[in-house]
Protein chains: 2
Amino acid sequence: MNLTVVGLGLIGGSLAKDLRSKGIAKHIIGVDKNPDHCNKAKELGIIDEFQPLDKAVANADLVIVSVPVNATLKVLTMVLDLIDDKTVVMDVGSTKSEICKVVENHPRRKNYVANHPIAGTEYSGPVAAIEGLYDKKTTIICDQDKSDPKAVLLIKVLHEAIGMHVIHMEAEEHDRHIAYVSHLSHVISYVLGKTVLEIEKDETNIFELAGSGFASTARLAKSNPDMWTPIFMQNKKSLLKAVDEYQKNLQEFRDLIAGDDEKALYNEIGRINDIRRVLEGLALKRAQGN
Amino acid sequence: MNLTVVGLGLIGGSLAKDLRSKGIAKHIIGVDKNPDHCNKAKELGIIDEFQPLDKAVANADLVIVSVPVNATLKVLTMVLDLIDDKTVVMDVGSTKSEICKVVENHPRRKNYVANHPIAGTEYSGPVAAIEGLYDKKTTIICDQDKSDPKAVLLIKVLHEAIGMHVIHMEAEEHDRHIAYVSHLSHVISYVLGKTVLEIEKDETNIFELAGSGFASTARLAKSNPDMWTPIFMQNKKSLLKAVDEYQKNLQEFRDLIAGDDEKALYNEIGRINDIRRVLEGLALKRAQGN
């Protein structure tokens, strides 16, 4: 198929790489407002050529919109305005409600499949694109009833071909869940990064002492603001609810320490250790490729 | 040398493995109140034999106390009571002030070297012990002036032989810094685990959606309460200060999202991205073995 990727970053670039290596994408056209990204993506062989948006989508079988979620609102509408009925369009955004809402009444709505592959790293740009990023991960197709069933099937098969497990969900439910298992993790990691950077101003060489635990917990604090600021804004309602619950739980945990309530703290940590079930179930599931 | 390891968990077990594989420990005696740990450590070849504490330390050149920090207060005193002047003793606790205080006036204080190797995983027990755990990591020797210089030199050389970088610090400074770069990370990870487990009660299969970001941020929530409850208690003062600053920063970050202050949020995340310098400096330093 002829593939057009709008937004040549980690997510779009990695999709292009996998779809080419699986023999699915025969010719790949890139679009990016940043000319350095266009040149770099071509140099790395991620795309065959780059073009302005209107030319790039003219002969596309599939258009992947992989730009930050605020830009997606505009770009997705522009793409749907440009295509004819043979072209399928998908996005990759970490929020779904606002994106689905903005194209709700578009005459080409049925050509669009709302999609969120749950994969990534804390890096960005075409140099961060890696083959195999999606292997054994999950993608979520949202509001499938609003898309042409053949378009949904195509998107499903494409993701399965690159090793992904496909699930379906309503956009609102997606945003509510992702607030907890992804967006909240980013918030608390950013705040950890800030807190430790602040203390470093007074305490030189504090990072000499940082171990793998800190590196793991603060990893997401490296994630870039172009991508994450609009995600937090678009999922504000669900995210704030998650942050409020987190704050309440943090205060209670703090009170157990402050109150010397050793036994209660011990029991609380023991209950939290149940997270092993989740994390190890996740790891096992992925190893088995389900 | 004859090595005695009191506490056959991840930390003590891994030290025994490395010291044996480097040819330093010729005979290793284990002590553990849990008979299963004794049997398992012997079966795994971590120790040559296990004995009660008094017999185990009688002919030891070095005694490593690697039990939870509340137990260290008692066990360290017992070991110092039992040894004669030829034996060196070290601990591995993640807190240092209270441990140093409890043996401050012990007649064998000079035989003891207060030590904290910054390494570990979220697992525990002798089966979790792994060779090479300490390679390219840092250990901190505290209050070295209170130890015999020859004992300090021995501990330094031992750690360097297993690939570690050795630094020196006062116990109080250690505890203040470690509150930020280790203990705080554990608190926020535990609270993330709790928050997401709570929401799971209402939202089945939410973990289908969890990606590598959540796994990374919640990893430390698997850490066991036997080790972490007494650490939080012993370092309460410094840890609560760190938690308070974290809470203030979290509230400010929340306010930026709630107030739709997109530009300020963008700039804040941009500044926090400076944590890359730290985390990548750390990774580079370790790869180079400095």
# chains A, B, ... in the order shown; residues from 1 in each chain; ligands from 1
>>> residues_around(residues="Ala210 (chain B)", least_positions_apart="2", cutoff="9 Å", atoms="only C-alpha atoms", output="ChimeraX atom specification")
/A:118,138,178,180-182,279,282 /B:206-208,212-215
>>> write_last_selection(atoms="all heavy atoms", output="CSV table (one decimal), in the first residue's frame")
chain,number,residue,atom,x,y,z
A,118,ILE,N,-0.4,1.7,22.6
A,118,ILE,CA,0.3,2.0,23.9
A,118,ILE,C,1.7,1.5,23.8
A,118,ILE,O,2.1,0.4,24.2
A,118,ILE,CB,-0.5,1.3,25.0
A,118,ILE,CG1,-2.0,1.7,24.9
A,118,ILE,CG2,0.1,1.6,26.3
A,118,ILE,CD1,-2.9,1.0,25.9
A,138,THR,N,-0.2,-3.3,23.2
A,138,THR,CA,-1.6,-3.2,22.9
A,138,THR,C,-1.9,-2.0,22.2
A,138,THR,O,-1.3,-0.9,22.4
A,138,THR,CB,-2.4,-3.2,24.3
A,138,THR,OG1,-2.1,-4.5,24.9
A,138,THR,CG2,-3.9,-3.1,24.1
A,178,ILE,N,-6.9,5.7,30.7
A,178,ILE,CA,-5.5,6.1,30.4
A,178,ILE,C,-5.0,7.2,31.4
A,178,ILE,O,-3.8,7.3,31.6
A,178,ILE,CB,-5.4,6.5,28.9
A,178,ILE,CG1,-5.5,5.3,28.0
A,178,ILE,CG2,-4.2,7.3,28.6
A,178,ILE,CD1,-4.3,4.4,28.1
A,180,TYR,N,-5.3,7.1,34.5
A,180,TYR,CA,-4.7,6.4,35.6
A,180,TYR,C,-3.4,5.7,35.2
A,180,TYR,O,-2.4,5.8,35.9
A,180,TYR,CB,-5.7,5.4,36.2
A,180,TYR,CG,-6.7,6.1,37.1
A,180,TYR,CD1,-7.9,6.6,36.5
A,180,TYR,CD2,-6.4,6.4,38.4
A,180,TYR,CE1,-8.8,7.3,37.3
A,180,TYR,CE2,-7.3,7.0,39.2
A,180,TYR,CZ,-8.5,7.5,38.7
A,180,TYR,OH,-9.4,8.1,39.5
A,181,VAL,N,-3.4,4.9,34.1
A,181,VAL,CA,-2.3,4.0,33.8
A,181,VAL,C,-1.2,4.7,33.0
A,181,VAL,O,-0.2,4.1,32.8
A,181,VAL,CB,-2.7,2.7,33.2
A,181,VAL,CG1,-3.5,1.9,34.2
A,181,VAL,CG2,-3.5,2.9,31.9
A,182,SER,N,-1.4,5.9,32.5
A,182,SER,CA,-0.4,6.6,31.8
A,182,SER,C,-0.2,8.0,32.2
A,182,SER,O,0.9,8.4,32.6
A,182,SER,CB,-0.7,6.5,30.3
A,182,SER,OG,0.2,7.3,29.5
A,279,LEU,N,1.8,-6.1,37.4
A,279,LEU,CA,3.0,-5.8,36.6
A,279,LEU,C,3.6,-7.1,36.0
A,279,LEU,O,4.1,-7.1,34.9
A,279,LEU,CB,4.1,-5.1,37.4
A,279,LEU,CG,3.7,-3.6,37.8
A,279,LEU,CD1,4.7,-3.0,38.8
A,279,LEU,CD2,3.5,-2.7,36.6
A,282,LEU,N,1.3,-8.5,33.3
A,282,LEU,CA,1.6,-7.7,32.1
A,282,LEU,C,2.8,-8.3,31.4
A,282,LEU,O,2.8,-8.5,30.2
A,282,LEU,CB,1.9,-6.3,32.6
A,282,LEU,CG,1.4,-5.1,31.8
A,282,LEU,CD1,-0.1,-5.1,31.7
A,282,LEU,CD2,1.8,-3.8,32.5
B,206,ILE,N,-8.4,-2.7,33.5
B,206,ILE,CA,-7.7,-1.4,33.3
B,206,ILE,C,-6.2,-1.7,32.9
B,206,ILE,O,-5.6,-0.9,32.2
B,206,ILE,CB,-7.8,-0.5,34.5
B,206,ILE,CG1,-7.3,0.9,34.2
B,206,ILE,CG2,-7.2,-1.0,35.8
B,206,ILE,CD1,-7.6,2.0,35.2
B,207,PHE,N,-5.7,-2.8,33.5
B,207,PHE,CA,-4.2,-3.0,33.3
B,207,PHE,C,-3.9,-3.5,31.9
B,207,PHE,O,-2.7,-3.5,31.5
B,207,PHE,CB,-3.7,-4.0,34.3
B,207,PHE,CG,-3.7,-3.3,35.7
B,207,PHE,CD1,-4.5,-3.7,36.7
B,207,PHE,CD2,-2.9,-2.1,35.9
B,207,PHE,CE1,-4.5,-3.1,37.9
B,207,PHE,CE2,-2.9,-1.5,37.1
B,207,PHE,CZ,-3.7,-2.0,38.1
B,208,GLU,N,-4.9,-3.9,31.2
B,208,GLU,CA,-4.7,-4.2,29.7
B,208,GLU,C,-4.1,-3.0,29.1
B,208,GLU,O,-3.4,-3.1,28.1
B,208,GLU,CB,-6.1,-4.4,29.1
B,208,GLU,CG,-6.1,-4.9,27.7
B,208,GLU,CD,-6.1,-6.4,27.6
B,208,GLU,OE1,-6.7,-7.1,28.4
B,208,GLU,OE2,-5.4,-6.8,26.6
B,212,SER,N,4.7,0.5,29.2
B,212,SER,CA,6.0,0.5,29.9
B,212,SER,C,6.3,1.7,30.8
B,212,SER,O,7.0,1.6,31.8
B,212,SER,CB,7.1,0.4,28.8
B,212,SER,OG,7.1,1.5,28.0
B,213,GLY,N,5.6,2.8,30.5
B,213,GLY,CA,5.7,4.0,31.4
B,213,GLY,C,5.2,3.7,32.8
B,213,GLY,O,5.8,3.9,33.8
B,214,PHE,N,4.0,3.1,32.8
B,214,PHE,CA,3.4,2.7,34.1
B,214,PHE,C,4.3,1.7,34.8
B,214,PHE,O,4.6,1.8,36.0
B,214,PHE,CB,2.0,2.2,34.0
B,214,PHE,CG,1.4,1.7,35.3
B,214,PHE,CD1,1.0,2.6,36.2
B,214,PHE,CD2,1.3,0.4,35.6
B,214,PHE,CE1,0.5,2.2,37.4
B,214,PHE,CE2,0.8,-0.1,36.8
B,214,PHE,CZ,0.4,0.9,37.7
B,215,ALA,N,4.8,0.7,34.1
B,215,ALA,CA,5.6,-0.4,34.7
B,215,ALA,C,6.9,0.2,35.3
B,215,ALA,O,7.3,-0.2,36.4
B,215,ALA,CB,6.0,-1.4,33.6
>>> closest_atom_pairs(of="chain A", to="chain B", cutoff="6 Å", atoms="only C-alpha atoms", output="Markdown table")
| residue | atom | partner | partner_atom | distance |
| --- | --- | --- | --- | --- |
| A:Ile118 | CA | B:Gly211 | CA | 5.9 |
| A:Val181 | CA | B:Ala210 | CA | 5.2 |
| A:Ser182 | CA | B:Phe214 | CA | 5.9 |
| A:Ser185 | CA | B:Phe214 | CA | 5.9 |
| A:Val191 | CA | B:Leu250 | CA | 5.9 |
| A:Lys194 | CA | B:Ile272 | CA | 5.5 |
| A:Thr195 | CA | B:Tyr246 | CA | 5.8 |
| A:Ala210 | CA | B:Val181 | CA | 5.3 |
| A:Gly211 | CA | B:Ile118 | CA | 5.9 |
| A:Phe214 | CA | B:Ser182 | CA | 5.9 |
| A:Ser216 | CA | B:Ser216 | CA | 5.3 |
| A:Thr217 | CA | B:Thr217 | CA | 4.4 |
| A:Lys222 | CA | B:Asn273 | CA | 4.9 |
| A:Pro225 | CA | B:Tyr266 | CA | 5.4 |
| A:Thr229 | CA | B:Tyr266 | CA | 5.7 |
| A:Tyr246 | CA | B:Thr195 | CA | 5.8 |
| A:Leu250 | CA | B:Val191 | CA | 5.9 |
| A:Tyr266 | CA | B:Pro225 | CA | 5.4 |
| A:Ile269 | CA | B:Pro225 | CA | 5.6 |
| A:Ile272 | CA | B:Lys194 | CA | 5.5 |
| A:Asn273 | CA | B:Lys222 | CA | 4.9 |
| A:Arg276 | CA | B:Lys222 | CA | 5.7 |
>>> write_last_selection(atoms="N, CA and C atoms", output="PDB file, in the first residue's frame")
ATOM      1  N   ILE A 118      -0.354   1.696  22.559  1.00  0.00           N
ATOM      2  CA  ILE A 118       0.272   1.958  23.865  1.00  0.00           C
ATOM      3  C   ILE A 118       1.714   1.489  23.819  1.00  0.00           C
ATOM      4  N   VAL A 181      -3.439   4.944  34.120  1.00  0.00           N
ATOM      5  CA  VAL A 181      -2.305   4.047  33.844  1.00  0.00           C
ATOM      6  C   VAL A 181      -1.226   4.699  32.983  1.00  0.00           C
ATOM      7  N   SER A 182      -1.445   5.904  32.513  1.00  0.00           N
ATOM      8  CA  SER A 182      -0.380   6.561  31.759  1.00  0.00           C
ATOM      9  C   SER A 182      -0.184   8.023  32.162  1.00  0.00           C
ATOM     10  N   SER A 185       1.075   8.678  35.728  1.00  0.00           N
ATOM     11  CA  SER A 185       2.488   8.292  35.883  1.00  0.00           C
ATOM     12  C   SER A 185       3.413   9.395  35.397  1.00  0.00           C
ATOM     13  N   VAL A 191       6.960  15.588  38.571  1.00  0.00           N
ATOM     14  CA  VAL A 191       7.057  16.283  39.862  1.00  0.00           C
ATOM     15  C   VAL A 191       8.242  15.743  40.681  1.00  0.00           C
ATOM     16  N   LYS A 194      11.264  17.491  39.235  1.00  0.00           N
ATOM     17  CA  LYS A 194      11.334  18.875  39.711  1.00  0.00           C
ATOM     18  C   LYS A 194      11.840  18.949  41.156  1.00  0.00           C
ATOM     19  N   THR A 195      11.285  18.105  42.004  1.00  0.00           N
ATOM     20  CA  THR A 195      11.640  18.142  43.429  1.00  0.00           C
ATOM     21  C   THR A 195      13.127  17.861  43.634  1.00  0.00           C
ATOM     22  N   ALA A 210      22.155   8.685  43.262  1.00  0.00           N
ATOM     23  CA  ALA A 210      20.930   8.174  42.661  1.00  0.00           C
ATOM     24  C   ALA A 210      21.155   6.777  42.090  1.00  0.00           C
ATOM     25  N   GLY A 211      20.277   5.866  42.408  1.00  0.00           N
ATOM     26  CA  GLY A 211      20.401   4.488  41.927  1.00  0.00           C
ATOM     27  C   GLY A 211      19.383   4.183  40.851  1.00  0.00           C
ATOM     28  N   PHE A 214      15.643   5.424  41.451  1.00  0.00           N
ATOM     29  CA  PHE A 214      15.358   6.799  41.042  1.00  0.00           C
ATOM     30  C   PHE A 214      15.254   6.887  39.514  1.00  0.00           C
ATOM     31  N   SER A 216      14.395   4.721  37.364  1.00  0.00           N
ATOM     32  CA  SER A 216      13.159   4.108  36.901  1.00  0.00           C
ATOM     33  C   SER A 216      11.956   5.033  37.149  1.00  0.00           C
ATOM     34  N   THR A 217      11.890   5.590  38.360  1.00  0.00           N
ATOM     35  CA  THR A 217      10.730   6.399  38.741  1.00  0.00           C
ATOM     36  C   THR A 217      10.731   7.755  38.038  1.00  0.00           C
ATOM     37  N   LYS A 222      11.683  12.731  31.465  1.00  0.00           N
ATOM     38  CA  LYS A 222      12.445  13.130  30.274  1.00  0.00           C
ATOM     39  C   LYS A 222      11.517  13.369  29.077  1.00  0.00           C
ATOM     40  N   PRO A 225       7.714  18.241  26.238  1.00  0.00           N
ATOM     41  CA  PRO A 225       6.521  19.055  26.487  1.00  0.00           C
ATOM     42  C   PRO A 225       5.625  19.230  25.255  1.00  0.00           C
ATOM     43  N   THR A 229       2.197  18.392  27.088  1.00  0.00           N
ATOM     44  CA  THR A 229       1.347  19.518  27.511  1.00  0.00           C
ATOM     45  C   THR A 229      -0.068  19.375  26.922  1.00  0.00           C
ATOM     46  N   TYR A 246      -4.652  10.589  43.893  1.00  0.00           N
ATOM     47  CA  TYR A 246      -3.234  10.370  44.227  1.00  0.00           C
ATOM     48  C   TYR A 246      -2.841  11.237  45.426  1.00  0.00           C
ATOM     49  N   LEU A 250      -1.437  10.033  48.933  1.00  0.00           N
ATOM     50  CA  LEU A 250      -0.091  10.451  49.366  1.00  0.00           C
ATOM     51  C   LEU A 250      -0.163  11.053  50.767  1.00  0.00           C
ATOM     52  N   TYR A 266       3.237  -0.916  57.468  1.00  0.00           N
ATOM     53  CA  TYR A 266       3.661  -2.243  57.004  1.00  0.00           C
ATOM     54  C   TYR A 266       2.517  -2.938  56.261  1.00  0.00           C
ATOM     55  N   ILE A 269       1.814  -1.226  52.831  1.00  0.00           N
ATOM     56  CA  ILE A 269       2.798  -1.595  51.802  1.00  0.00           C
ATOM     57  C   ILE A 269       2.543  -3.028  51.324  1.00  0.00           C
ATOM     58  N   ILE A 272      -0.197  -2.939  48.893  1.00  0.00           N
ATOM     59  CA  ILE A 272       0.237  -2.313  47.638  1.00  0.00           C
ATOM     60  C   ILE A 272       1.092  -3.284  46.809  1.00  0.00           C
ATOM     61  N   ASN A 273       1.787  -4.168  47.503  1.00  0.00           N
ATOM     62  CA  ASN A 273       2.609  -5.167  46.789  1.00  0.00           C
ATOM     63  C   ASN A 273       1.790  -6.027  45.819  1.00  0.00           C
ATOM     64  N   ARG A 276       2.359  -6.318  42.091  1.00  0.00           N
ATOM     65  CA  ARG A 276       3.164  -7.353  41.423  1.00  0.00           C
ATOM     66  C   ARG A 276       2.317  -8.176  40.464  1.00  0.00           C
TER      67      ARG A 276
END
>>> select_by_dssp(residues="region 134-245 of chain A", states="alpha helix (DSSP H)", output="VMD selection string")
chain A and resid 149 to 161 171 to 178 184 to 202 212 to 218 225 to 234 236 to 245
>>> atom_distance(atom1="CA of Gly163 (chain A)", atom2="CA of Asp135 (chain A)")
4.5 Å
